[in-house]
$ cat target34.txt   # compact mmCIF, C-alpha atoms
# COMPACT_ATOMS: atom_id res chain seq x y z
CA MET A 1 -69.04 -43.56 -52.80
CA THR A 2 -71.47 -46.30 -53.90
CA ALA A 3 -75.07 -45.19 -54.43
CA ILE A 4 -77.80 -47.77 -53.73
CA LEU A 5 -81.49 -47.21 -54.46
CA VAL A 6 -84.05 -49.04 -52.31
CA THR A 7 -87.59 -48.95 -53.66
CA GLY A 8 -90.50 -49.67 -51.33
CA GLY A 9 -88.40 -48.24 -48.53
CA ARG A 10 -91.37 -47.63 -46.21
CA GLY A 11 -92.61 -51.23 -46.32
CA GLN A 12 -91.71 -54.17 -44.10
CA LEU A 13 -88.61 -55.21 -46.04
CA GLY A 14 -87.71 -51.70 -47.16
CA SER A 15 -87.66 -50.54 -43.54
CA ALA A 16 -85.31 -53.40 -42.69
CA LEU A 17 -83.06 -52.38 -45.58
CA ARG A 18 -82.98 -48.78 -44.37
CA ARG A 19 -82.15 -50.03 -40.86
CA HIS A 20 -79.32 -52.25 -42.15
CA SER A 21 -75.77 -51.23 -41.18
CA TRP A 22 -74.48 -50.21 -44.58
CA PRO A 23 -70.75 -49.47 -45.02
CA ASP A 24 -69.70 -45.84 -44.64
CA GLU A 25 -68.93 -45.58 -48.35
CA VAL A 26 -72.55 -46.36 -49.29
CA ARG A 27 -75.05 -43.60 -49.98
CA LEU A 28 -78.52 -45.08 -49.59
CA PHE A 29 -81.54 -43.59 -51.33
CA ALA A 30 -85.00 -44.74 -50.25
CA PRO A 31 -87.42 -42.18 -51.70
CA ALA A 32 -91.07 -42.10 -50.71
CA ARG A 33 -93.78 -42.48 -53.37
CA ASP A 34 -94.22 -38.74 -53.71
CA GLU A 35 -90.47 -38.35 -54.22
CA LEU A 36 -90.10 -40.91 -57.02
CA ASP A 37 -92.92 -42.25 -59.18
CA LEU A 38 -91.89 -45.82 -60.02
CA PHE A 39 -94.45 -45.94 -62.83
CA ASP A 40 -92.70 -43.07 -64.63
CA PRO A 41 -89.81 -44.47 -66.72
CA ALA A 42 -88.32 -41.04 -67.42
CA ALA A 43 -88.35 -40.06 -63.75
CA VAL A 44 -86.75 -43.34 -62.67
CA ALA A 45 -84.07 -43.11 -65.37
CA ALA A 46 -83.27 -39.52 -64.37
CA PHE A 47 -83.08 -40.44 -60.69
CA LEU A 48 -80.52 -43.19 -61.41
CA ARG A 49 -78.52 -41.05 -63.78
CA GLU A 50 -78.35 -37.95 -61.58
CA ARG A 51 -77.37 -39.90 -58.45
CA ARG A 52 -75.11 -42.36 -60.27
CA VAL A 53 -76.89 -45.32 -58.73
CA ALA A 54 -74.82 -48.50 -58.92
CA ALA A 55 -77.46 -50.95 -57.71
CA ILE A 56 -81.23 -51.06 -57.16
CA VAL A 57 -82.90 -53.23 -54.52
CA ASN A 58 -86.57 -53.47 -55.44
CA ALA A 59 -88.65 -54.08 -52.32
CA ALA A 60 -91.73 -52.32 -53.73
CA ALA A 61 -94.63 -54.74 -54.06
CA TYR A 62 -98.36 -55.30 -53.82
CA THR A 63 -98.62 -57.94 -51.07
CA ALA A 64 -102.35 -58.18 -50.25
CA VAL A 65 -102.64 -61.80 -51.41
CA ASP A 66 -106.40 -62.19 -51.00
CA ARG A 67 -107.35 -58.72 -52.27
CA ALA A 68 -105.28 -59.37 -55.39
CA GLU A 69 -107.91 -61.87 -56.51
CA THR A 70 -110.18 -58.90 -57.28
CA GLU A 71 -107.59 -56.09 -57.58
CA ILE A 72 -105.84 -57.78 -60.47
CA ALA A 73 -104.74 -54.62 -62.28
CA ALA A 74 -103.25 -53.12 -59.11
CA ALA A 75 -101.32 -56.31 -58.34
CA PHE A 76 -99.82 -56.55 -61.82
CA ALA A 77 -99.05 -52.83 -61.94
CA ALA A 78 -96.95 -52.97 -58.78
CA ASN A 79 -95.52 -56.45 -59.15
CA ALA A 80 -94.86 -56.62 -62.89
CA GLN A 81 -94.91 -53.11 -64.36
CA ILE A 82 -92.55 -51.56 -61.79
CA PRO A 83 -89.87 -54.27 -62.25
CA ALA A 84 -90.08 -53.66 -66.01
CA VAL A 85 -89.52 -49.93 -65.51
CA LEU A 86 -86.61 -50.59 -63.15
CA ALA A 87 -85.03 -53.13 -65.52
CA GLU A 88 -84.98 -50.64 -68.39
CA ALA A 89 -83.68 -47.85 -66.15
CA ALA A 90 -80.98 -50.18 -64.81
CA ARG A 91 -79.97 -51.00 -68.39
CA GLN A 92 -79.67 -47.33 -69.26
CA ALA A 93 -77.69 -46.52 -66.11
CA ASP A 94 -75.53 -49.66 -66.23
CA ALA A 95 -76.77 -50.46 -62.71
CA ALA A 96 -77.38 -53.84 -61.12
CA LEU A 97 -81.00 -54.74 -60.30
CA LEU A 98 -81.88 -56.91 -57.33
CA HIS A 99 -85.59 -57.84 -57.29
CA VAL A 100 -87.44 -59.54 -54.43
CA SER A 101 -90.00 -62.23 -55.24
CA THR A 102 -91.94 -64.94 -53.42
CA ASP A 103 -92.47 -68.64 -52.82
CA TYR A 104 -96.02 -68.13 -54.10
CA VAL A 105 -94.76 -68.47 -57.68
CA PHE A 106 -94.84 -72.24 -56.97
CA ASP A 107 -97.88 -74.50 -56.73
CA GLY A 108 -96.78 -76.36 -53.59
CA LYS A 109 -96.91 -79.83 -55.12
CA SER A 110 -93.19 -80.60 -54.72
CA ALA A 111 -92.19 -83.14 -52.09
CA ARG A 112 -88.76 -81.50 -51.71
CA PRO A 113 -87.55 -77.92 -51.26
CA TYR A 114 -87.92 -75.92 -54.44
CA ASP A 115 -84.71 -75.25 -56.36
CA VAL A 116 -84.19 -72.01 -58.27
CA GLY A 117 -84.62 -73.75 -61.62
CA ASP A 118 -87.91 -75.48 -60.83
CA PRO A 119 -90.79 -74.39 -63.07
CA VAL A 120 -93.17 -71.83 -61.61
CA ASN A 121 -96.91 -72.49 -61.50
CA PRO A 122 -98.65 -69.93 -59.29
CA LEU A 123 -102.04 -70.71 -57.79
CA ASN A 124 -103.27 -67.15 -57.32
CA VAL A 125 -103.18 -63.67 -58.85
CA TYR A 126 -100.52 -62.45 -56.44
CA GLY A 127 -98.19 -65.31 -57.39
CA SER A 128 -98.88 -64.77 -61.09
CA SER A 129 -98.07 -61.06 -60.81
CA LYS A 130 -94.82 -61.82 -58.99
CA ALA A 131 -93.86 -64.44 -61.59
CA ALA A 132 -94.40 -61.82 -64.29
CA GLY A 133 -92.26 -59.39 -62.30
CA GLU A 134 -89.41 -61.89 -62.17
CA LEU A 135 -89.35 -62.17 -65.96
CA ALA A 136 -89.44 -58.39 -66.29
CA ALA A 137 -86.61 -57.86 -63.81
CA LEU A 138 -84.40 -60.45 -65.48
CA HIS A 139 -84.41 -58.37 -68.67
CA ALA A 140 -81.88 -56.08 -66.98
CA PRO A 141 -78.34 -56.94 -68.13
CA ARG A 142 -77.18 -57.51 -64.54
CA ALA A 143 -80.14 -58.76 -62.54
CA ALA A 144 -80.79 -61.05 -59.60
CA VAL A 145 -84.16 -62.25 -58.34
CA VAL A 146 -84.36 -63.35 -54.71
CA ARG A 147 -87.44 -65.33 -53.72
CA ALA A 148 -88.38 -65.35 -50.04
CA SER A 149 -91.13 -67.08 -48.08
CA TRP A 150 -93.38 -66.17 -45.14
CA LEU A 151 -91.77 -62.77 -44.58
CA VAL A 152 -92.05 -61.33 -41.06
CA GLY A 153 -90.44 -58.24 -39.53
CA ARG A 154 -90.77 -55.56 -36.92
CA ASP A 155 -92.57 -53.17 -39.29
CA GLY A 156 -95.93 -53.36 -41.01
CA ALA A 157 -98.58 -56.07 -40.94
CA ASN A 158 -97.29 -59.64 -40.75
CA PHE A 159 -97.99 -63.00 -39.10
CA VAL A 160 -95.88 -62.41 -35.98
CA ARG A 161 -97.48 -59.05 -35.23
CA THR A 162 -100.94 -60.50 -35.89
CA MET A 163 -100.38 -63.45 -33.55
CA LEU A 164 -99.08 -61.18 -30.78
CA ARG A 165 -102.18 -59.00 -31.17
CA LEU A 166 -104.54 -61.98 -31.14
CA ALA A 167 -102.80 -63.34 -28.04
CA SER A 168 -103.90 -60.21 -26.18
CA GLU A 169 -107.47 -60.37 -27.53
CA ARG A 170 -108.52 -64.04 -27.57
CA SER A 171 -108.34 -67.15 -25.43
CA VAL A 172 -108.40 -69.44 -28.49
CA VAL A 173 -106.68 -68.83 -31.83
CA ARG A 174 -107.32 -71.00 -34.90
CA VAL A 175 -104.38 -71.37 -37.30
CA VAL A 176 -103.85 -73.35 -40.50
CA ALA A 177 -101.80 -76.51 -39.95
CA ASP A 178 -101.60 -78.04 -43.44
CA GLN A 179 -99.29 -75.53 -45.15
CA ARG A 180 -95.56 -76.12 -44.73
CA GLY A 181 -92.73 -73.69 -45.34
CA ALA A 182 -90.09 -71.57 -43.64
CA PRO A 183 -90.39 -68.08 -42.17
CA THR A 184 -88.06 -65.34 -43.40
CA ILE A 185 -86.94 -62.74 -40.88
CA ALA A 186 -86.97 -59.38 -42.72
CA ALA A 187 -83.74 -58.19 -41.08
CA ASP A 188 -81.95 -61.39 -42.18
CA LEU A 189 -83.22 -61.01 -45.73
CA ALA A 190 -82.11 -57.37 -45.72
CA ASP A 191 -78.61 -58.44 -44.68
CA ALA A 192 -78.48 -60.93 -47.55
CA LEU A 193 -79.80 -58.42 -50.10
CA ALA A 194 -77.25 -55.85 -48.99
CA THR A 195 -74.43 -58.39 -49.43
CA ILE A 196 -75.59 -59.26 -52.94
CA ALA A 197 -76.26 -55.65 -53.96
CA LEU A 198 -72.86 -54.43 -52.83
CA ARG A 199 -71.07 -57.23 -54.64
CA MET A 200 -73.07 -56.70 -57.84
CA ALA A 201 -72.38 -52.96 -57.64
CA ALA A 202 -68.63 -53.52 -57.31
CA ASP A 203 -68.10 -56.62 -59.44
CA ARG A 204 -69.62 -56.97 -62.90
CA SER A 205 -68.93 -60.72 -62.79
CA ALA A 206 -71.03 -61.23 -59.64
CA PRO A 207 -73.45 -64.13 -60.23
CA PRO A 208 -76.83 -63.03 -61.64
CA GLY A 209 -80.05 -65.02 -61.91
CA VAL A 210 -82.52 -66.49 -59.43
CA PHE A 211 -81.79 -67.20 -55.77
CA HIS A 212 -83.81 -68.34 -52.78
CA PHE A 213 -83.68 -66.99 -49.23
CA ALA A 214 -85.58 -68.33 -46.23
CA ASN A 215 -84.43 -68.93 -42.70
CA ALA A 216 -83.40 -72.52 -42.03
CA GLY A 217 -85.94 -75.04 -40.81
CA VAL A 218 -89.46 -76.08 -41.75
CA THR A 219 -92.73 -75.49 -39.95
CA THR A 220 -96.47 -74.98 -40.39
CA TRP A 221 -98.39 -71.80 -39.69
CA ARG A 222 -99.87 -73.49 -36.60
CA ASP A 223 -96.46 -74.49 -35.24
CA PHE A 224 -95.07 -71.07 -36.13
CA ALA A 225 -97.87 -69.53 -34.05
CA ALA A 226 -97.05 -71.89 -31.18
CA ALA A 227 -93.43 -70.69 -31.21
CA ILE A 228 -94.58 -67.06 -31.22
CA PHE A 229 -96.91 -67.63 -28.27
CA ALA A 230 -94.22 -69.53 -26.36
CA GLU A 231 -91.72 -66.71 -26.81
CA GLY A 232 -94.36 -64.16 -25.91
CA ALA A 233 -95.27 -66.08 -22.76
CA ARG A 234 -91.61 -66.16 -21.78
CA ARG A 235 -91.75 -62.38 -21.89
CA GLY A 236 -94.91 -62.20 -19.79
CA LEU A 237 -97.52 -62.02 -22.56
CA SER A 238 -100.75 -64.02 -22.71
CA ALA A 239 -100.61 -67.42 -24.41
CA PRO A 240 -103.95 -68.47 -25.93
CA ARG A 241 -104.92 -72.03 -26.74
CA LEU A 242 -104.13 -73.00 -30.33
CA GLU A 243 -106.62 -74.84 -32.51
CA ALA A 244 -105.34 -76.40 -35.73
CA ILE A 245 -107.51 -75.96 -38.83
CA THR A 246 -107.21 -76.85 -42.50
CA THR A 247 -106.68 -74.45 -45.38
CA THR A 248 -110.22 -75.24 -46.53
CA GLU A 249 -111.63 -74.38 -43.13
CA TYR A 250 -109.77 -71.07 -43.14
CA GLY A 251 -111.45 -70.20 -46.42
CA ALA A 252 -109.10 -67.54 -47.83
CA ALA A 253 -109.98 -65.98 -51.18
CA ALA A 254 -106.62 -66.89 -52.74
CA ARG A 255 -105.29 -70.44 -52.96
CA ARG A 256 -101.95 -71.01 -51.17
CA PRO A 257 -99.26 -73.61 -51.91
CA ALA A 258 -99.41 -76.45 -49.39
CA HIS A 259 -95.62 -76.84 -49.47
CA SER A 260 -93.35 -73.92 -50.32
CA LEU A 261 -90.00 -74.72 -48.76
CA LEU A 262 -87.18 -73.03 -50.70
CA SER A 263 -83.71 -74.47 -51.22
CA THR A 264 -81.08 -71.83 -50.44
CA ARG A 265 -78.23 -73.93 -51.83
CA ARG A 266 -77.37 -71.61 -54.74
CA LEU A 267 -77.27 -68.55 -52.48
CA GLU A 268 -74.76 -70.26 -50.22
CA GLN A 269 -72.67 -71.49 -53.16
CA ASP A 270 -72.51 -68.18 -55.04
CA TYR A 271 -72.56 -65.62 -52.23
CA GLY A 272 -71.59 -67.56 -49.12
CA ILE A 273 -74.90 -66.70 -47.44
CA LYS A 274 -76.25 -69.42 -45.13
CA PRO A 275 -79.47 -68.36 -43.39
CA ARG A 276 -79.73 -69.04 -39.66
CA PRO A 277 -82.66 -71.06 -38.21
CA TRP A 278 -85.89 -69.09 -38.13
CA ILE A 279 -86.45 -69.90 -34.46
CA GLU A 280 -83.26 -67.99 -33.61
CA GLY A 281 -84.38 -64.92 -35.51
CA LEU A 282 -87.86 -65.07 -33.98
CA THR A 283 -86.55 -64.43 -30.47
CA GLY A 284 -84.94 -61.14 -31.41
CA LEU A 285 -87.84 -60.14 -33.66
CA ILE A 286 -90.42 -60.49 -30.90
CA GLY A 287 -88.17 -58.51 -28.59
CA ASP A 288 -87.96 -55.75 -31.19
CA ILE A 289 -91.73 -55.68 -31.73
CA ILE A 290 -92.54 -55.63 -28.02
CA GLY A 291 -89.96 -52.91 -27.49
CA ASP A 292 -91.35 -50.85 -30.38
CA ASP A 293 -94.92 -51.23 -29.16
CA ALA A 294 -94.18 -50.59 -25.50

$ encode --input "target34.txt" --output "structure tokens"
Amino acid sequence: MTAILVTGGRGQLGSALRRHSWPDEVRLFAPARDELDLFDPAAVAAFLRERRVAAIVNAAAYTAVDRAETEIAAAFAANAQIPAVLAEAARQADAALLHVSTDYVFDGKSARPYDVGDPVNPLNVYGSSKAAGELAALHAPRAAVVRASWLVGRDGANFVRTMLRLASERSVVRVVADQRGAPTIAADLADALATIALRMAADRSAPPGVFHFANAGVTTWRDFAAAIFAEGARRGLSAPRLEAITTTEYGAAARRPAHSLLSTRRLEQDYGIKPRPWIEGLTGLIGDIIGDDA
């Protein structure tokens, strides 16, 4: 029996990890906050030791990008302190640590997709806290960091759910058109994380380090919204008129990278994982959300 610990198991990605079809020989632990205090090193170490955890998938995170500009301590506590606690506990338990990070560690000035070795230069507090978390996680003897971009899933608050809600409330929706990247379907990322975690748990020579995951293709938030509305309309939902705006016009508290496309080349080379196009995943995702909300 292989024991896997998923932290942040009630969040968007954590829910997808719990929903993943794990092999029968896997025992999955996804404790709630009141069941395991991730800020308590002794409690985390005891949890891993008592359950003989072979791998940790850290999906716990502070993800309120704009609020992080004022809630700096909270962002760094969740995004940097927790990975440090998990890295030390993983060292003590001889467990693999798989930590999820973000495209927001980059400044968006690259004209090509970001490779895993490109220098980080976050533009906001959230990105800075996640960059610090990467360094903390990589202190574990067997650690992998997986950066993802524009995460969307059937659970929690995300861009797809927001656009579907706005489609039912407004005749015109204004969406930023000057940021480019690639959506990540939470269920697809969960599949990739499970593949990596299981291999790292079973094989001490499994490749560690930094990897990127995003569904294939490139888009803007405006064009992503257009695809969401088109798929919704195909299913009988309202399709509002889209109005393209600039990042400046949107006026968010936190600066965003204008270009955050991630190269998934190393993930394919080392683990044989080739993400499918995001537009393919979007169809099933919207079906899941509509079915859940019906």

$ closest_atom_pairs --input "target34.txt" --of "segment 97-145 of chain A" --to "segment 164-184 of chain A" --cutoff "12 Å" --atoms "all atoms listed in the file" --output "JSON lines"
{"residue": "A:Thr102", "atom": "CA", "partner": "A:Thr184", "partner_atom": "CA", "distance": 10.8}
{"residue": "A:Asp103", "atom": "CA", "partner": "A:Gly181", "partner_atom": "CA", "distance": 9.0}
{"residue": "A:Tyr104", "atom": "CA", "partner": "A:Gly181", "partner_atom": "CA", "distance": 10.9}
{"residue": "A:Phe106", "atom": "CA", "partner": "A:Gly181", "partner_atom": "CA", "distance": 11.9}
{"residue": "A:Asp107", "atom": "CA", "partner": "A:Gln179", "partner_atom": "CA", "distance": 11.7}
{"residue": "A:Gly108", "atom": "CA", "partner": "A:Gln179", "partner_atom": "CA", "distance": 8.8}
{"residue": "A:Lys109", "atom": "CA", "partner": "A:Arg180", "partner_atom": "CA", "distance": 11.1}
{"residue": "A:Ser110", "atom": "CA", "partner": "A:Arg180", "partner_atom": "CA", "distance": 11.2}
{"residue": "A:Ala111", "atom": "CA", "partner": "A:Arg180", "partner_atom": "CA", "distance": 10.7}
{"residue": "A:Arg112", "atom": "CA", "partner": "A:Gly181", "partner_atom": "CA", "distance": 10.8}
{"residue": "A:Pro113", "atom": "CA", "partner": "A:Gly181", "partner_atom": "CA", "distance": 8.9}
{"residue": "A:Tyr114", "atom": "CA", "partner": "A:Gly181", "partner_atom": "CA", "distance": 10.5}

$ atom_distance --input "target34.txt" --atom1 "atom CA of Tyr250 of chain A" --atom2 "atom CA of Trp221 of chain A"
11.9 Å

$ residues_around --input "target34.txt" --residues "Asp188 of chain A" --least-positions-apart "3" --cutoff "9 Å" --atoms "all atoms listed in the file" --output "list in words"
Ala16, Thr184, Ile185, Asp191, Ala192, Leu193, Ala214, Asn215, Pro275, Arg276 and Gly281 of chain A

$ atom_distance --input "target34.txt" --atom1 "atom CA of Gly8 of chain A" --atom2 "atom CA of Ala252 of chain A"
26.0 Å

$ residues_near_point --input "target34.txt" --point "(-91.6, -57.6, -37.5)" --cutoff "8 Å" --atoms "only C-alpha atoms" --output "ChimeraX atom specification"
/A:12,152-158,160-161,185-186,285-286,288-289

$ atom_distance --input "target34.txt" --atom1 "atom CA of Gln269 of chain A" --atom2 "atom CA of Ala90 of chain A"
25.7 Å

$ residues_around --input "target34.txt" --residues "Leu198 of chain A" --least-positions-apart "6" --cutoff "12 Å" --atoms "all atoms listed in the file" --output "ChimeraX atom specification"
/A:1-5,22-23,25-28,53-57,95-98,191-192,204,206,271

$ write_last_selection --input "target34.txt" --atoms "C-alpha atoms" --output "PDB file, keeping the file's coordinate frame"
ATOM      1  CA  MET A   1     -69.040 -43.560 -52.800  1.00  0.00           C
ATOM      2  CA  THR A   2     -71.470 -46.300 -53.900  1.00  0.00           C
ATOM      3  CA  ALA A   3     -75.070 -45.190 -54.430  1.00  0.00           C
ATOM      4  CA  ILE A   4     -77.800 -47.770 -53.730  1.00  0.00           C
ATOM      5  CA  LEU A   5     -81.490 -47.210 -54.460  1.00  0.00           C
ATOM      6  CA  TRP A  22     -74.480 -50.210 -44.580  1.00  0.00           C
ATOM      7  CA  PRO A  23     -70.750 -49.470 -45.020  1.00  0.00           C
ATOM      8  CA  GLU A  25     -68.930 -45.580 -48.350  1.00  0.00           C
ATOM      9  CA  VAL A  26     -72.550 -46.360 -49.290  1.00  0.00           C
ATOM     10  CA  ARG A  27     -75.050 -43.600 -49.980  1.00  0.00           C
ATOM     11  CA  LEU A  28     -78.520 -45.080 -49.590  1.00  0.00           C
ATOM     12  CA  VAL A  53     -76.890 -45.320 -58.730  1.00  0.00           C
ATOM     13  CA  ALA A  54     -74.820 -48.500 -58.920  1.00  0.00           C
ATOM     14  CA  ALA A  55     -77.460 -50.950 -57.710  1.00  0.00           C
ATOM     15  CA  ILE A  56     -81.230 -51.060 -57.160  1.00  0.00           C
ATOM     16  CA  VAL A  57     -82.900 -53.230 -54.520  1.00  0.00           C
ATOM     17  CA  ALA A  95     -76.770 -50.460 -62.710  1.00  0.00           C
ATOM     18  CA  ALA A  96     -77.380 -53.840 -61.120  1.00  0.00           C
ATOM     19  CA  LEU A  97     -81.000 -54.740 -60.300  1.00  0.00           C
ATOM     20  CA  LEU A  98     -81.880 -56.910 -57.330  1.00  0.00           C
ATOM     21  CA  ASP A 191     -78.610 -58.440 -44.680  1.00  0.00           C
ATOM     22  CA  ALA A 192     -78.480 -60.930 -47.550  1.00  0.00           C
ATOM     23  CA  ARG A 204     -69.620 -56.970 -62.900  1.00  0.00           C
ATOM     24  CA  ALA A 206     -71.030 -61.230 -59.640  1.00  0.00           C
ATOM     25  CA  TYR A 271     -72.560 -65.620 -52.230  1.00  0.00           C
TER      26      TYR A 271
END

$ closest_residue --input "target34.txt" --among "A:Leu262, A:Val105, A:Ala73, A:Val116" --to "Phe211 of chain A" --atoms "all atoms listed in the file"
A:Val116

$ residues_near_point --input "target34.txt" --point "(-99.1, -66.3, -28.3)" --cutoff "9 Å" --atoms "all atoms listed in the file" --output "list in words"
Met163, Leu164, Arg165, Leu166, Ala167, Ser168, Val173, Ala225, Ala226, Ala227, Ile228, Phe229, Ala230, Glu231, Gly232, Ala233, Leu237, Ser238, Ala239, Pro240, Arg241 and Leu242 of chain A

$ closest_residue --input "target34.txt" --among "A:Asp270, A:Asp40, A:Glu71, A:Asp34" --to "Pro207 of chain A" --atoms "only C-alpha atoms"
A:Asp270

$ closest_residue --input "target34.txt" --among "A:Thr70, A:Ser15, A:Asn79, A:Thr247" --to "Ala137 of chain A" --atoms "only C-alpha atoms"
A:Asn79

$ closest_residue --input "target34.txt" --among "A:Ser260, A:Thr248, A:Ala187, A:Ala194" --to "Leu282 of chain A" --atoms "all atoms listed in the file"
A:Ala187

$ closest_residue --input "target34.txt" --among "A:Ala61, A:Leu123, A:Ala77, A:Ala42" --to "Ala253 of chain A" --atoms "only C-alpha atoms"
A:Leu123

$ closest_residue --input "target34.txt" --among "A:Gly291, A:Gly133, A:Pro119, A:Gly217" --to "Ala60 of chain A" --atoms "all atoms listed in the file"
A:Gly133

$ build_atoms --input "target34.txt" --residues "segment 222-236 of chain A" --atoms "N, CA and C atoms" --output "short mmCIF file (atom, residue, chain, number, x, y, z; two decimals), in the coordinates of the input"
data_model
loop_
_atom_site.label_atom_id
_atom_site.label_comp_id
_atom_site.auth_asym_id
_atom_site.auth_seq_id
_atom_site.Cartn_x
_atom_site.Cartn_y
_atom_site.Cartn_z
N ARG A 222 -99.42 -73.19 -37.98
CA ARG A 222 -99.87 -73.49 -36.60
C ARG A 222 -98.67 -73.60 -35.67
N ASP A 223 -97.64 -74.32 -36.09
CA ASP A 223 -96.46 -74.49 -35.24
C ASP A 223 -95.66 -73.19 -35.14
N PHE A 224 -95.69 -72.39 -36.18
CA PHE A 224 -95.07 -71.07 -36.13
C PHE A 224 -95.78 -70.22 -35.06
N ALA A 225 -97.10 -70.26 -35.07
CA ALA A 225 -97.87 -69.53 -34.05
C ALA A 225 -97.54 -70.02 -32.65
N ALA A 226 -97.38 -71.34 -32.50
CA ALA A 226 -97.05 -71.89 -31.18
C ALA A 226 -95.71 -71.35 -30.69
N ALA A 227 -94.74 -71.24 -31.60
CA ALA A 227 -93.43 -70.69 -31.21
C ALA A 227 -93.54 -69.21 -30.83
N ILE A 228 -94.38 -68.48 -31.54
CA ILE A 228 -94.58 -67.06 -31.22
C ILE A 228 -95.21 -66.92 -29.84
N PHE A 229 -96.24 -67.73 -29.56
CA PHE A 229 -96.91 -67.63 -28.27
C PHE A 229 -95.98 -68.06 -27.13
N ALA A 230 -95.15 -69.07 -27.39
CA ALA A 230 -94.22 -69.53 -26.36
C ALA A 230 -93.20 -68.45 -26.03
N GLU A 231 -92.68 -67.78 -27.05
CA GLU A 231 -91.72 -66.71 -26.81
C GLU A 231 -92.40 -65.52 -26.15
N GLY A 232 -93.62 -65.24 -26.56
CA GLY A 232 -94.36 -64.16 -25.91
C GLY A 232 -94.62 -64.45 -24.45
N ALA A 233 -95.00 -65.70 -24.15
CA ALA A 233 -95.27 -66.08 -22.76
C ALA A 233 -94.01 -65.96 -21.91
N ARG A 234 -92.87 -66.29 -22.51
CA ARG A 234 -91.61 -66.16 -21.78
C ARG A 234 -91.34 -64.72 -21.40
N ARG A 235 -91.93 -63.80 -22.15
CA ARG A 235 -91.75 -62.38 -21.89
C ARG A 235 -92.94 -61.78 -21.13
N GLY A 236 -93.81 -62.66 -20.62
CA GLY A 236 -94.91 -62.20 -19.79
C GLY A 236 -96.20 -61.90 -20.52
#
